[in-house]
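One file, data31.csv, is given below (CSV, C-alpha atoms).
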```csv
chain,number,residue,atom,x,y,z
J,27,LEU,CA,16.7,-11.0,-14.8
J,28,ALA,CA,14.0,-10.0,-12.2
J,29,ALA,CA,11.2,-11.5,-14.3
J,30,GLY,CA,13.2,-14.7,-14.8
J,31,LEU,CA,14.0,-15.0,-11.1
J,32,ALA,CA,10.3,-14.4,-10.1
J,33,HIS,CA,9.2,-17.0,-12.6
J,34,GLU,CA,11.6,-19.6,-11.4
J,35,ILE,CA,10.5,-19.0,-7.8
J,36,GLY,CA,6.8,-18.8,-8.6
J,37,ASN,CA,6.7,-22.3,-10.3
J,38,PRO,CA,7.8,-24.4,-7.3
J,39,LEU,CA,5.6,-22.2,-5.0
J,40,ASN,CA,2.6,-23.0,-7.1
J,41,ALA,CA,3.5,-26.7,-7.0
J,42,LEU,CA,3.9,-26.6,-3.2
J,43,SER,CA,0.6,-24.9,-2.8
J,44,LEU,CA,-1.2,-27.4,-4.9
J,45,ASN,CA,0.3,-30.4,-3.0
J,46,LEU,CA,-0.7,-28.8,0.3
J,47,GLN,CA,-4.3,-28.5,-0.9
J,48,LEU,CA,-4.2,-32.2,-1.8
J,49,MET,CA,-2.7,-33.1,1.6
J,50,ALA,CA,-5.4,-31.0,3.4
J,51,ARG,CA,-8.0,-33.0,1.5
J,52,GLU,CA,-6.5,-36.3,2.7
J,53,PHE,CA,-6.1,-35.0,6.3
J,54,ARG,CA,-9.8,-34.2,6.5
J,55,ARG,CA,-10.5,-37.9,6.3
J,56,GLU,CA,-8.4,-38.6,9.4
J,57,PRO,CA,-10.6,-40.3,12.0
J,58,ASP,CA,-8.8,-39.0,15.0
J,59,PRO,CA,-10.2,-35.5,15.6
J,60,GLU,CA,-7.2,-34.3,17.6
J,61,ARG,CA,-4.7,-35.5,15.0
J,62,ARG,CA,-6.8,-34.2,12.1
J,63,GLU,CA,-6.9,-30.7,13.7
J,64,ARG,CA,-3.1,-30.7,14.3
J,65,LEU,CA,-2.4,-31.8,10.7
J,66,LEU,CA,-4.7,-29.3,9.2
J,67,ALA,CA,-3.2,-26.6,11.4
J,68,ASP,CA,0.3,-27.5,10.1
J,69,VAL,CA,-0.9,-27.3,6.5
J,70,ALA,CA,-2.5,-23.9,7.1
J,71,THR,CA,0.8,-22.6,8.6
J,72,ALA,CA,2.7,-23.9,5.5
J,73,GLN,CA,0.2,-22.3,3.2
J,74,ASN,CA,0.5,-19.0,4.9
J,75,GLU,CA,4.3,-19.0,4.6
J,76,ILE,CA,4.0,-19.9,0.9
J,77,LYS,CA,1.6,-17.0,0.4
J,78,ARG,CA,4.1,-14.7,2.2
J,79,ILE,CA,6.9,-15.8,-0.1
J,80,ALA,CA,4.7,-15.4,-3.1
J,81,ASP,CA,3.8,-11.8,-2.0
J,82,ILE,CA,7.5,-11.0,-1.6
J,83,ASN,CA,8.2,-12.5,-5.0
J,84,ARG,CA,5.4,-10.5,-6.6
J,85,GLY,CA,6.5,-7.3,-4.9
J,86,PHE,CA,10.1,-7.8,-6.0
J,87,LEU,CA,9.0,-8.2,-9.6
J,88,ASN,CA,6.8,-5.0,-9.4
J,89,ALA,CA,9.7,-3.1,-7.7
J,90,MET,CA,12.1,-4.0,-10.5
J,91,ARG,CA,9.8,-3.2,-13.4
J,92,PRO,CA,10.1,0.2,-14.9
J,93,ILE,CA,7.1,2.4,-14.0
J,94,ARG,CA,5.8,4.2,-17.1
J,95,PRO,CA,2.6,6.1,-16.2
J,96,ASN,CA,0.0,6.7,-18.8
J,97,LEU,CA,-0.4,10.4,-18.1
J,98,VAL,CA,-3.7,12.3,-18.8
J,99,PRO,CA,-5.1,15.5,-17.4
J,100,ALA,CA,-7.1,14.7,-14.3
J,101,SER,CA,-8.0,15.9,-10.8
J,102,LEU,CA,-6.0,14.2,-8.0
J,103,ALA,CA,-9.4,14.1,-6.1
J,104,ASP,CA,-10.7,11.4,-8.6
J,105,PRO,CA,-8.3,8.5,-7.7
J,106,LEU,CA,-8.5,9.5,-4.1
J,107,LYS,CA,-12.3,9.2,-4.0
J,108,ASP,CA,-12.2,5.9,-5.9
J,109,THR,CA,-9.7,4.5,-3.4
J,110,LEU,CA,-11.8,5.6,-0.4
J,111,LYS,CA,-14.8,4.0,-2.0
J,112,THR,CA,-12.9,0.7,-2.5
J,113,MET,CA,-11.6,0.7,1.1
J,114,LYS,CA,-14.9,1.8,2.7
J,115,THR,CA,-15.6,-1.5,4.4
J,116,LEU,CA,-12.1,-1.9,5.6
J,117,ILE,CA,-12.1,1.6,7.1
J,118,GLU,CA,-15.5,1.0,8.8
J,119,ASP,CA,-14.3,-2.4,10.2
J,120,ARG,CA,-11.3,-0.7,11.8
J,121,ARG,CA,-13.6,2.0,13.3
J,122,ILE,CA,-11.6,4.8,11.6
J,123,ARG,CA,-13.1,8.2,11.0
J,124,VAL,CA,-12.0,9.8,7.8
J,125,LEU,CA,-11.9,13.6,7.7
J,126,LEU,CA,-11.7,14.7,4.1
J,127,ASP,CA,-10.8,18.3,3.3
J,128,LEU,CA,-11.4,18.8,-0.4
J,129,PRO,CA,-11.3,22.3,-1.9
J,130,PRO,CA,-14.2,23.3,-4.2
J,131,VAL,CA,-11.7,23.8,-7.1
J,132,LEU,CA,-8.5,21.8,-7.6
J,133,PRO,CA,-6.2,22.5,-10.5
J,134,PRO,CA,-5.6,19.4,-12.8
J,135,ALA,CA,-2.4,17.5,-13.0
J,136,CYS,CA,-1.0,14.9,-15.4
J,137,LEU,CA,-1.9,11.6,-13.8
J,138,ASP,CA,-2.1,7.8,-14.3
J,139,CYS,CA,-5.2,7.4,-12.1
J,140,ALA,CA,-4.8,3.6,-11.7
J,141,GLN,CA,-1.2,4.1,-10.4
J,142,MET,CA,-2.2,6.9,-8.1
J,143,GLU,CA,-4.9,4.7,-6.7
J,144,GLN,CA,-2.2,2.2,-5.9
J,145,VAL,CA,-0.3,4.9,-4.0
J,146,PHE,CA,-3.3,6.1,-2.1
J,147,PHE,CA,-4.3,2.5,-1.2
J,148,ASN,CA,-0.8,1.9,0.2
J,149,LEU,CA,-0.8,5.1,2.2
J,150,ILE,CA,-4.3,4.6,3.6
J,151,LYS,CA,-3.6,1.0,4.4
J,152,ASN,CA,-0.5,2.0,6.3
J,153,ALA,CA,-2.5,4.6,8.2
J,154,LEU,CA,-5.2,2.1,9.2
J,155,GLU,CA,-2.6,-0.4,10.4
J,156,ALA,CA,-1.0,2.4,12.6
J,157,MET,CA,-4.3,2.9,14.4
J,158,LYS,CA,-5.0,-0.4,16.2
J,159,ASP,CA,-8.1,0.6,18.2
J,160,GLY,CA,-9.9,3.1,15.9
J,161,GLY,CA,-8.8,6.7,15.3
J,162,GLU,CA,-8.9,9.5,12.8
J,163,LEU,CA,-7.4,9.9,9.4
J,164,ALA,CA,-7.3,13.4,8.1
J,165,ILE,CA,-6.9,13.7,4.3
J,166,THR,CA,-6.3,17.1,2.9
J,167,LEU,CA,-6.0,18.2,-0.7
J,168,ASP,CA,-4.5,21.6,-1.6
J,169,SER,CA,-2.5,23.3,-4.3
J,170,ASP,CA,-0.1,26.2,-4.8
J,171,ASP,CA,1.5,27.8,-7.8
J,172,ASP,CA,3.5,24.7,-8.7
J,173,VAL,CA,2.0,21.5,-7.3
J,174,VAL,CA,-1.2,19.7,-6.1
J,175,THR,CA,-0.8,18.2,-2.7
J,176,VAL,CA,-2.6,15.5,-0.8
J,177,SER,CA,-1.7,14.7,2.8
J,178,PHE,CA,-2.6,11.8,5.0
J,179,LEU,CA,-2.4,12.4,8.8
J,180,ASP,CA,-3.2,9.5,11.1
J,181,SER,CA,-3.8,9.5,14.9
J,182,GLY,CA,-1.5,6.6,15.5
J,183,LYS,CA,1.5,6.5,17.8
J,184,GLY,CA,4.0,7.9,15.3
J,185,THR,CA,7.6,6.6,15.0
J,186,THR,CA,11.2,7.5,15.6
J,187,PRO,CA,13.4,9.5,13.3
J,188,ASP,CA,15.5,6.4,12.5
J,189,ALA,CA,12.4,4.5,11.5
J,190,VAL,CA,11.2,7.5,9.4
J,191,ALA,CA,14.5,7.5,7.5
J,192,ALA,CA,14.1,3.8,6.6
J,193,LEU,CA,10.4,3.9,5.6
J,194,PHE,CA,11.1,3.9,1.9
J,195,ALA,CA,13.9,1.3,2.0
J,196,PRO,CA,13.0,-2.1,0.5
J,197,TYR,CA,12.1,-5.0,2.7
J,198,ARG,CA,12.1,-2.8,5.8
J,199,THR,CA,8.8,-3.4,7.6
J,200,SER,CA,7.5,-3.9,11.1
J,201,LYS,CA,4.4,-5.8,10.0
J,202,GLN,CA,4.4,-9.6,10.3
J,203,SER,CA,2.7,-10.0,6.9
J,204,GLY,CA,4.3,-7.0,5.1
J,205,THR,CA,6.8,-7.2,2.3
J,206,GLY,CA,8.4,-3.8,2.9
J,207,LEU,CA,7.9,-2.8,-0.8
J,208,GLY,CA,4.7,-0.9,-0.7
J,209,LEU,CA,6.1,2.5,0.2
J,210,MET,CA,9.2,2.1,-2.1
J,211,ILE,CA,6.9,1.3,-5.1
J,212,SER,CA,4.6,4.2,-4.1
J,213,ARG,CA,7.5,6.7,-4.1
J,214,ARG,CA,8.7,5.3,-7.5
J,215,ILE,CA,5.2,5.9,-8.9
J,216,VAL,CA,5.0,9.5,-7.5
J,217,ARG,CA,8.5,10.3,-8.9
J,218,ALA,CA,7.5,8.9,-12.3
J,219,HIS,CA,4.8,11.5,-12.2
J,220,GLY,CA,7.4,14.2,-11.6
J,221,GLY,CA,6.4,14.5,-8.0
J,222,GLU,CA,7.6,13.6,-4.6
J,223,ILE,CA,6.4,11.9,-1.4
J,224,ASP,CA,7.5,12.9,2.1
J,225,VAL,CA,6.8,11.8,5.6
J,226,GLU,CA,6.7,13.6,8.9
J,227,SER,CA,6.3,11.7,12.2
J,228,LYS,CA,7.0,12.0,15.9
J,229,GLU,CA,6.4,9.5,18.6
J,230,GLY,CA,3.0,10.0,20.2
J,231,GLU,CA,1.9,12.4,17.5
J,232,GLY,CA,0.9,10.2,14.5
J,233,THR,CA,2.4,10.1,11.0
J,234,LYS,CA,1.8,12.3,8.0
J,235,PHE,CA,2.5,11.4,4.4
J,236,ILE,CA,2.5,14.2,1.8
J,237,VAL,CA,2.2,13.5,-1.9
J,238,ARG,CA,3.1,16.4,-4.3
J,239,ILE,CA,2.3,16.2,-8.0
J,240,PRO,CA,3.1,19.0,-10.5
J,241,ARG,CA,0.2,21.1,-11.7
J,242,LEU,CA,-0.8,20.7,-15.4
J,243,GLU,CA,-0.1,24.4,-15.9
J,244,LYS,CA,1.9,26.3,-13.4
J,245,ARG,CA,0.3,29.6,-12.2
J,246,VAL,CA,2.3,32.7,-13.1
J,247,ARG,CA,3.3,34.7,-10.1
J,248,ARG,CA,2.9,38.4,-10.3
J,249,LEU,CA,5.9,40.5,-9.1
J,250,MET,CA,4.7,43.6,-7.4
```
Would you encode the structure as structure tokens?
Amino acid sequence: LAAGLAHEIGNPLNALSLNLQLMAREFRREPDPERRERLLADVATAQNEIKRIADINRGFLNAMRPIRPNLVPASLADPLKDTLKTMKTLIEDRRIRVLLDLPPVLPPACLDCAQMEQVFFNLIKNALEAMKDGGELAITLDSDDDVVTVSFLDSGKGTTPDAVAALFAPYRTSKQSGTGLGLMISRRIVRAHGGEIDVESKEGEGTKFIVRIPRLEKRVRRLM
């Protein structure tokens, strides 16, 4: 049902987008500069709104699809490093300083590295958007007897308890261009790995997301 609905919405959106491109091509021939600029601005606004609907449509389809990770033994540090490499330019453009605390030895977990990169991308992107004028993002990897943990602490303004409670709800977003599905999908991915994702935040103190993934082999505790 979700796939059929997304398809039926996607087809007219593609047609609208194509026709707007043709209109823009015609409007560029308008001899009156003021009218040409106004018409092209209207087309650009319509195109942006179509893109926003398409993003919501795509996010809806992804949210409804079952998430079946292809689990293999790997280090949680690997998808994190790949994500940071992919986002390097974006991080630098926003003048964010990344503090990475990576232990010399990290026990392996069963991971779908591509899916975990999607989770880390969403969490880092959220952190960057929470810091409007530069800041620090502290990323810490750790482990205990049961899980491997990676946490993301930004130096943004934080948020209220009510907002924290609604962070993983679908279509709840404070961003003008957001779909409100990124965190919900991220939590579904983490839970499909047998893990959990939590958030801690206070106004004026930043926000911290914690991802916990089960270790490949749990360490046996000695009872003294």
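Atom CA of J:Glu231 to atom CA of J:Gly184 spans 5.4 Å [interatomic distance, one decimal].
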Would you work out the distance separating atom CA of J:Cys139 from atom CA of J:Leu102, expressed in Å to one decimal?
8.0 Å
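With only C-alpha atoms as the basis for measurement, J:Arg84 is the residue among J:Arg121, J:Arg94, J:Arg238, J:Arg84 that approaches J:Ala29 most closely.
As for atom CA of J:Glu52 and atom CA of J:Asn37, they are spaced 23.2 Å apart.
Shortest separation to J:Gln73 among J:Leu48, J:Leu97, J:Leu167, J:Leu126 occurs at residue J:Leu48, atoms counted being all atoms listed in the file.
The shortest atom-to-atom distance to J:Lys107, with only C-alpha atoms taken into account, belongs to J:Ile165 out of J:Leu65, J:Ile165, J:Ala80, J:Ile215.
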Local residues around (-6.2, 15.0, 3.9), at most 10 Å away, using only C-alpha atoms, as a PDB file with C-alpha atoms, keeping the file's coordinate frame:
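The resulting file, result30.pdb, is reproduced below:
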```pdb
ATOM      1  CA  LEU J 106      -8.500   9.500  -4.100  1.00  0.00           C
ATOM      2  CA  VAL J 124     -12.000   9.800   7.800  1.00  0.00           C
ATOM      3  CA  LEU J 125     -11.900  13.600   7.700  1.00  0.00           C
ATOM      4  CA  LEU J 126     -11.700  14.700   4.100  1.00  0.00           C
ATOM      5  CA  ASP J 127     -10.800  18.300   3.300  1.00  0.00           C
ATOM      6  CA  LEU J 128     -11.400  18.800  -0.400  1.00  0.00           C
ATOM      7  CA  LEU J 163      -7.400   9.900   9.400  1.00  0.00           C
ATOM      8  CA  ALA J 164      -7.300  13.400   8.100  1.00  0.00           C
ATOM      9  CA  ILE J 165      -6.900  13.700   4.300  1.00  0.00           C
ATOM     10  CA  THR J 166      -6.300  17.100   2.900  1.00  0.00           C
ATOM     11  CA  LEU J 167      -6.000  18.200  -0.700  1.00  0.00           C
ATOM     12  CA  ASP J 168      -4.500  21.600  -1.600  1.00  0.00           C
ATOM     13  CA  THR J 175      -0.800  18.200  -2.700  1.00  0.00           C
ATOM     14  CA  VAL J 176      -2.600  15.500  -0.800  1.00  0.00           C
ATOM     15  CA  SER J 177      -1.700  14.700   2.800  1.00  0.00           C
ATOM     16  CA  PHE J 178      -2.600  11.800   5.000  1.00  0.00           C
ATOM     17  CA  LEU J 179      -2.400  12.400   8.800  1.00  0.00           C
ATOM     18  CA  ASP J 180      -3.200   9.500  11.100  1.00  0.00           C
ATOM     19  CA  LYS J 234       1.800  12.300   8.000  1.00  0.00           C
ATOM     20  CA  PHE J 235       2.500  11.400   4.400  1.00  0.00           C
ATOM     21  CA  ILE J 236       2.500  14.200   1.800  1.00  0.00           C
TER      22      ILE J 236
END
```
Long-range neighbours of J:Glu222 as a PDB file with C-alpha atoms, keeping the file's coordinate frame, 8 Å cut-off, only C-alpha atoms, 5 positions minimum in chain:
```pdb
ATOM      1  CA  ARG J 213       7.500   6.700  -4.100  1.00  0.00           C
ATOM      2  CA  VAL J 216       5.000   9.500  -7.500  1.00  0.00           C
ATOM      3  CA  ARG J 217       8.500  10.300  -8.900  1.00  0.00           C
ATOM      4  CA  VAL J 237       2.200  13.500  -1.900  1.00  0.00           C
ATOM      5  CA  ARG J 238       3.100  16.400  -4.300  1.00  0.00           C
ATOM      6  CA  ILE J 239       2.300  16.200  -8.000  1.00  0.00           C
TER       7      ILE J 239
END
```
Near-J:Gln141 list (9 Å; all atoms listed in the file; drop same-chain fewer than 3 positions) as a ChimeraX atom specification:
/J:95-96,105,137-138,144-146,212,215-216
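Among J:Met49, J:Ala195, J:Ile82, J:Ala72, the residue with the shortest atom-to-atom distance to J:Gly36, counting all atoms listed in the file, is J:Ile82.
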Rebuild stretch 109-140 of chain J so that it carries N, CA and C atoms, then output the result as a CSV table (one decimal), in the coordinates of the input.
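Generated output (result24.csv):
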```
chain,number,residue,atom,x,y,z
J,109,THR,N,-10.4,5.4,-4.4
J,109,THR,CA,-9.7,4.5,-3.4
J,109,THR,C,-10.5,4.5,-2.1
J,110,LEU,N,-11.0,5.6,-1.6
J,110,LEU,CA,-11.8,5.6,-0.4
J,110,LEU,C,-13.0,4.8,-0.6
J,111,LYS,N,-13.6,4.8,-1.8
J,111,LYS,CA,-14.8,4.0,-2.0
J,111,LYS,C,-14.5,2.5,-1.9
J,112,THR,N,-13.3,2.1,-2.5
J,112,THR,CA,-12.9,0.7,-2.5
J,112,THR,C,-12.6,0.2,-1.1
J,113,MET,N,-12.1,1.1,-0.3
J,113,MET,CA,-11.6,0.7,1.1
J,113,MET,C,-12.7,1.0,2.2
J,114,LYS,N,-13.9,1.4,1.8
J,114,LYS,CA,-14.9,1.8,2.7
J,114,LYS,C,-15.2,0.8,3.8
J,115,THR,N,-15.3,-0.5,3.4
J,115,THR,CA,-15.6,-1.5,4.4
J,115,THR,C,-14.5,-1.7,5.3
J,116,LEU,N,-13.2,-1.7,4.8
J,116,LEU,CA,-12.1,-1.9,5.6
J,116,LEU,C,-11.9,-0.8,6.6
J,117,ILE,N,-12.2,0.4,6.2
J,117,ILE,CA,-12.1,1.6,7.1
J,117,ILE,C,-13.2,1.5,8.2
J,118,GLU,N,-14.4,1.1,7.8
J,118,GLU,CA,-15.5,1.0,8.8
J,118,GLU,C,-15.2,-0.2,9.8
J,119,ASP,N,-14.6,-1.3,9.3
J,119,ASP,CA,-14.3,-2.4,10.2
J,119,ASP,C,-13.3,-2.0,11.2
J,120,ARG,N,-12.4,-1.1,10.9
J,120,ARG,CA,-11.3,-0.7,11.8
J,120,ARG,C,-11.7,0.5,12.7
J,121,ARG,N,-13.0,0.9,12.5
J,121,ARG,CA,-13.6,2.0,13.3
J,121,ARG,C,-12.7,3.3,13.1
J,122,ILE,N,-12.4,3.6,11.9
J,122,ILE,CA,-11.6,4.8,11.6
J,122,ILE,C,-12.5,5.9,11.0
J,123,ARG,N,-12.4,7.1,11.6
J,123,ARG,CA,-13.1,8.2,11.0
J,123,ARG,C,-12.2,9.0,10.1
J,124,VAL,N,-12.7,9.1,8.8
J,124,VAL,CA,-12.0,9.8,7.8
J,124,VAL,C,-12.5,11.3,7.7
J,125,LEU,N,-11.6,12.2,7.8
J,125,LEU,CA,-11.9,13.6,7.7
J,125,LEU,C,-11.3,14.1,6.4
J,126,LEU,N,-12.2,14.3,5.4
J,126,LEU,CA,-11.7,14.7,4.1
J,126,LEU,C,-11.9,16.2,3.8
J,127,ASP,N,-10.8,16.9,3.6
J,127,ASP,CA,-10.8,18.3,3.3
J,127,ASP,C,-10.5,18.5,1.8
J,128,LEU,N,-11.5,18.7,1.1
J,128,LEU,CA,-11.4,18.8,-0.4
J,128,LEU,C,-11.9,20.2,-0.8
J,129,PRO,N,-11.0,21.0,-1.4
J,129,PRO,CA,-11.3,22.3,-1.9
J,129,PRO,C,-12.4,22.3,-3.0
J,130,PRO,N,-13.2,23.3,-3.2
J,130,PRO,CA,-14.2,23.3,-4.2
J,130,PRO,C,-13.6,23.3,-5.6
J,131,VAL,N,-12.4,23.8,-5.8
J,131,VAL,CA,-11.7,23.8,-7.1
J,131,VAL,C,-10.3,23.3,-6.9
J,132,LEU,N,-9.9,22.3,-7.6
J,132,LEU,CA,-8.5,21.8,-7.6
J,132,LEU,C,-8.0,21.8,-9.0
J,133,PRO,N,-6.8,22.4,-9.2
J,133,PRO,CA,-6.2,22.5,-10.5
J,133,PRO,C,-5.8,21.1,-11.0
J,134,PRO,N,-6.0,20.8,-12.3
J,134,PRO,CA,-5.6,19.4,-12.8
J,134,PRO,C,-4.1,19.2,-12.8
J,135,ALA,N,-3.8,17.9,-12.9
J,135,ALA,CA,-2.4,17.5,-13.0
J,135,ALA,C,-2.4,16.4,-14.1
J,136,CYS,N,-1.2,16.0,-14.5
J,136,CYS,CA,-1.0,14.9,-15.4
J,136,CYS,C,-0.9,13.6,-14.6
J,137,LEU,N,-1.9,12.7,-14.7
J,137,LEU,CA,-1.9,11.6,-13.8
J,137,LEU,C,-2.2,10.3,-14.6
J,138,ASP,N,-1.7,9.2,-14.0
J,138,ASP,CA,-2.1,7.8,-14.3
J,138,ASP,C,-3.0,7.5,-13.1
J,139,CYS,N,-4.3,7.6,-13.3
J,139,CYS,CA,-5.2,7.4,-12.1
J,139,CYS,C,-5.1,6.0,-11.5
J,140,ALA,N,-4.9,5.0,-12.3
J,140,ALA,CA,-4.8,3.6,-11.7
J,140,ALA,C,-3.5,3.5,-10.8
```
